[in-house]
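Inspection log for the structure reproduced underneath, given as structure tokens.
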Amino acid sequence: DGGITQSPKYLFRKEGQNVTLSCEQNLNHDAMYWYRQDPGQGLRLIYYSQIVNDFQKGDIAEGYSVSREKKESFPLTVTSAQKNPTAFYLCATWDRGRQPQHFGDGTRLSIL
Amino acid sequence: KNEVEQSPQNLTAQEGEFITINCSYSVGISALHWLQQHPGGGIVSLFMLSSGKKKHGRLIATINIQEKHSSLHITASHPRDSAVYICAVSYMEYGNKLVFGAGTILRVKS
């Protein structure tokens with residue numbers, strides 16, 4: 001079955017440490033996205049990539065970094081510069097047609 | 001910047017009731033999306049529409065482009081419909097980025 005795999009589901013890190021969230025897809029979709037969700041707020045776009053080796057900042061990119069070395073993978077690194085990293089992170093993909101984005105099951109990050 | 005407003009924020013219904021969730025946005029869009037998020041956090045796309053009306057089972061979504069307004073209706077609601085329903089708009093010219101409403105928390109009681 002094709003889909004999006006986000007791992008791990010729950011992640012705990014100490015303050016000041018960088019942490020990388022994984023997003024892998026076997027849908028063969030060109031575009032991939034990272035969104036952040038905070039309680040009571042809508043999801044917000046962190047970064048997106050429309051093609052391998054290219055990515056653009058979203059609305060809240062500060063304190064985050066990404067890479068897109070392979071079509072299947074779009075990892076998100078939450079750096080120590082992100083002031084409030086505790087949140088739910090969702091990865092999504094899109095195949096450029098008139099179809100909606102597909103979402104992963106998310107990773108809940110907690111900073112201790 | 002487009003604002004996406006949803007109402008109500010919270011909704012409790014009795015099983016069998018007809019439910020309506022509303023969404024309004026402020027500028028032109030490529031498409032409007034209705035999404036469903038269950039307690040585990042995963043999100044499923046219910047509808048993507050740019051005009052008119054779509055129906056899938058007990059769910060109906062409508063959009064009025066002139067009024068920049070969309071509604072999601074659930075007929076004969078059931079406890080399994082309990083979830084967060086999210087309205088989002090997309091812009092093809094910006095890599096199909098989505099801008100989301102805050103969501104409507106729906107609880108259907110039996």
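Every chain in the structure tokens has a letter given in the order shown (A, B, ...), and although residue numbers restart at 1 in each chain, ligands are simply numbered from 1 in the order shown.
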
**Message:** Would you pick out the contacts of Phe74 (chain A) at 10 Å or less, using only C-alpha atoms, so that residues sharing its chain but fewer than 6 positions from it are not included, and give the list as a list in words?
**Reply:**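 The filter keeps Leu21, Ser22, Cys23, Glu24, Gln25, Ala31, Met32, Tyr33, Trp34, Tyr47, Tyr48, Ser49, Val52, Phe55, Val66, Ser67, Arg68, Cys91, Ala92 and Thr93 of chain A.
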
**Request:** Mind the document's chain letters and residue numbers, and return as JSON, numbers by chain the residues of region 1-109 of chain B that DSSP labels strand (DSSP E or B).
**Result:** {"B": [4, 5, 6, 7, 10, 11, 12, 13, 14, 19, 20, 21, 22, 23, 24, 25, 31, 32, 33, 34, 35, 36, 37, 43, 44, 45, 46, 47, 48, 49, 52, 53, 54, 55, 56, 59, 60, 61, 62, 63, 64, 69, 70, 71, 72, 73, 74, 83, 84, 85, 86, 87, 88, 89, 90, 91, 97, 98, 99, 100, 104, 105, 106, 107, 108, 109]}

Each chain B residue no farther than 10 Å from chain A, nearest pair in Å, only C-alpha atoms, as a tab-separated table:
residue	atom	partner	partner_atom	distance
B:Val4	CA	A:Gly42	CA	9.1
B:Glu5	CA	A:Gly42	CA	9.9
B:Gln9	CA	A:Gly40	CA	9.1
B:Ala31	CA	A:Pro100	CA	9.2
B:Leu32	CA	A:Pro100	CA	9.6
B:His33	CA	A:Pro100	CA	7.6
B:Trp34	CA	A:Pro100	CA	9.8
B:Leu35	CA	A:Pro100	CA	9.8
B:Gln37	CA	A:Asp105	CA	9.7
B:His38	CA	A:Asp105	CA	9.9
B:Gly40	CA	A:Asp105	CA	7.7
B:Gly41	CA	A:Asp105	CA	6.1
B:Gly42	CA	A:Asp105	CA	4.0
B:Ile43	CA	A:Phe103	CA	5.8
B:Val44	CA	A:Phe103	CA	6.9
B:Ser45	CA	A:Pro100	CA	6.8
B:Leu46	CA	A:Pro100	CA	9.1
B:Phe47	CA	A:Pro100	CA	8.0
B:Met48	CA	A:Pro100	CA	6.2
B:Leu49	CA	A:Pro100	CA	9.5
B:Ile86	CA	A:Gly42	CA	8.1
B:Cys87	CA	A:Gly42	CA	9.2
B:Ala88	CA	A:Gly42	CA	9.0
B:Ser90	CA	A:Pro100	CA	9.4
B:Met92	CA	A:Arg96	CA	9.0
B:Tyr94	CA	A:Gln56	CA	9.9
B:Gly95	CA	A:Gln50	CA	6.7
B:Asn96	CA	A:Arg96	CA	8.2
B:Lys97	CA	A:Leu45	CA	7.6
B:Leu98	CA	A:Leu45	CA	7.5
B:Val99	CA	A:Arg44	CA	7.0
B:Phe100	CA	A:Gly42	CA	5.2
B:Gly101	CA	A:Gly42	CA	5.1
B:Ala102	CA	A:Gly42	CA	3.9
B:Gly103	CA	A:Gly42	CA	6.6
B:Thr104	CA	A:Gly40	CA	9.7
B:Ile105	CA	A:Gly40	CA	10.0

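The shortest atom-to-atom distance to Gln6 (chain B), with only C-alpha atoms taken into account, belongs to B:Ser71 out of B:Ser71, B:Gln66, B:Ser50, B:Ser30.
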
What's the 9 Å shell around Ser65 (chain A), counting only C-alpha atoms, without same-chain residues fewer than 5 positions away, as a PDB file with N, CA and C atoms, in the first residue's frame?
ATOM      1  N   TYR A  47       7.882  24.346   5.982  1.00  0.00           N
ATOM      2  CA  TYR A  47       8.673  24.271   4.751  1.00  0.00           C
ATOM      3  C   TYR A  47       7.910  23.420   3.744  1.00  0.00           C
ATOM      4  N   PRO A  75      13.095  15.033   5.552  1.00  0.00           N
ATOM      5  CA  PRO A  75      13.261  15.160   7.001  1.00  0.00           C
ATOM      6  C   PRO A  75      13.249  16.613   7.474  1.00  0.00           C
ATOM      7  N   LEU A  76      12.710  16.813   8.656  1.00  0.00           N
ATOM      8  CA  LEU A  76      12.629  18.139   9.282  1.00  0.00           C
ATOM      9  C   LEU A  76      13.482  18.140  10.541  1.00  0.00           C
ATOM     10  N   THR A  77      14.405  19.085  10.630  1.00  0.00           N
ATOM     11  CA  THR A  77      15.216  19.227  11.842  1.00  0.00           C
ATOM     12  C   THR A  77      14.716  20.425  12.643  1.00  0.00           C
ATOM     13  N   VAL A  78      14.397  20.166  13.882  1.00  0.00           N
ATOM     14  CA  VAL A  78      14.001  21.221  14.803  1.00  0.00           C
ATOM     15  C   VAL A  78      15.260  21.618  15.570  1.00  0.00           C
ATOM     16  N   THR A  79      15.739  22.810  15.352  1.00  0.00           N
ATOM     17  CA  THR A  79      17.010  23.219  15.958  1.00  0.00           C
ATOM     18  C   THR A  79      16.785  23.870  17.318  1.00  0.00           C
TER      19      THR A  79
END

**Message:** Under the rule that only C-alpha atoms are counted, which of A:Pro8, A:Pro85, A:Gly3, A:Gly97 is the nearest residue to Ser110 (chain A)?
**Reply:** A:Pro85

**Request:** Rank A:Val19, A:Leu11, A:Ile46, A:Ile60 by their smallest atom-to-atom distance to Ser80 (chain A), using only C-alpha atoms, and report the top residue only.
**Result:**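 Of A:Val19, A:Leu11, A:Ile46, A:Ile60, the one nearest Ser80 (chain A) is A:Val19, counting only C-alpha atoms.
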
**Message:** Which residues are near Leu72 (chain B)? Cut-off 10 Å, only C-alpha atoms, ignore same chain within fewer than 6 positions. Put them as a ChimeraX atom specification.
**Reply:** /B:19-23,34,46-47,53-55,59-63,85-87
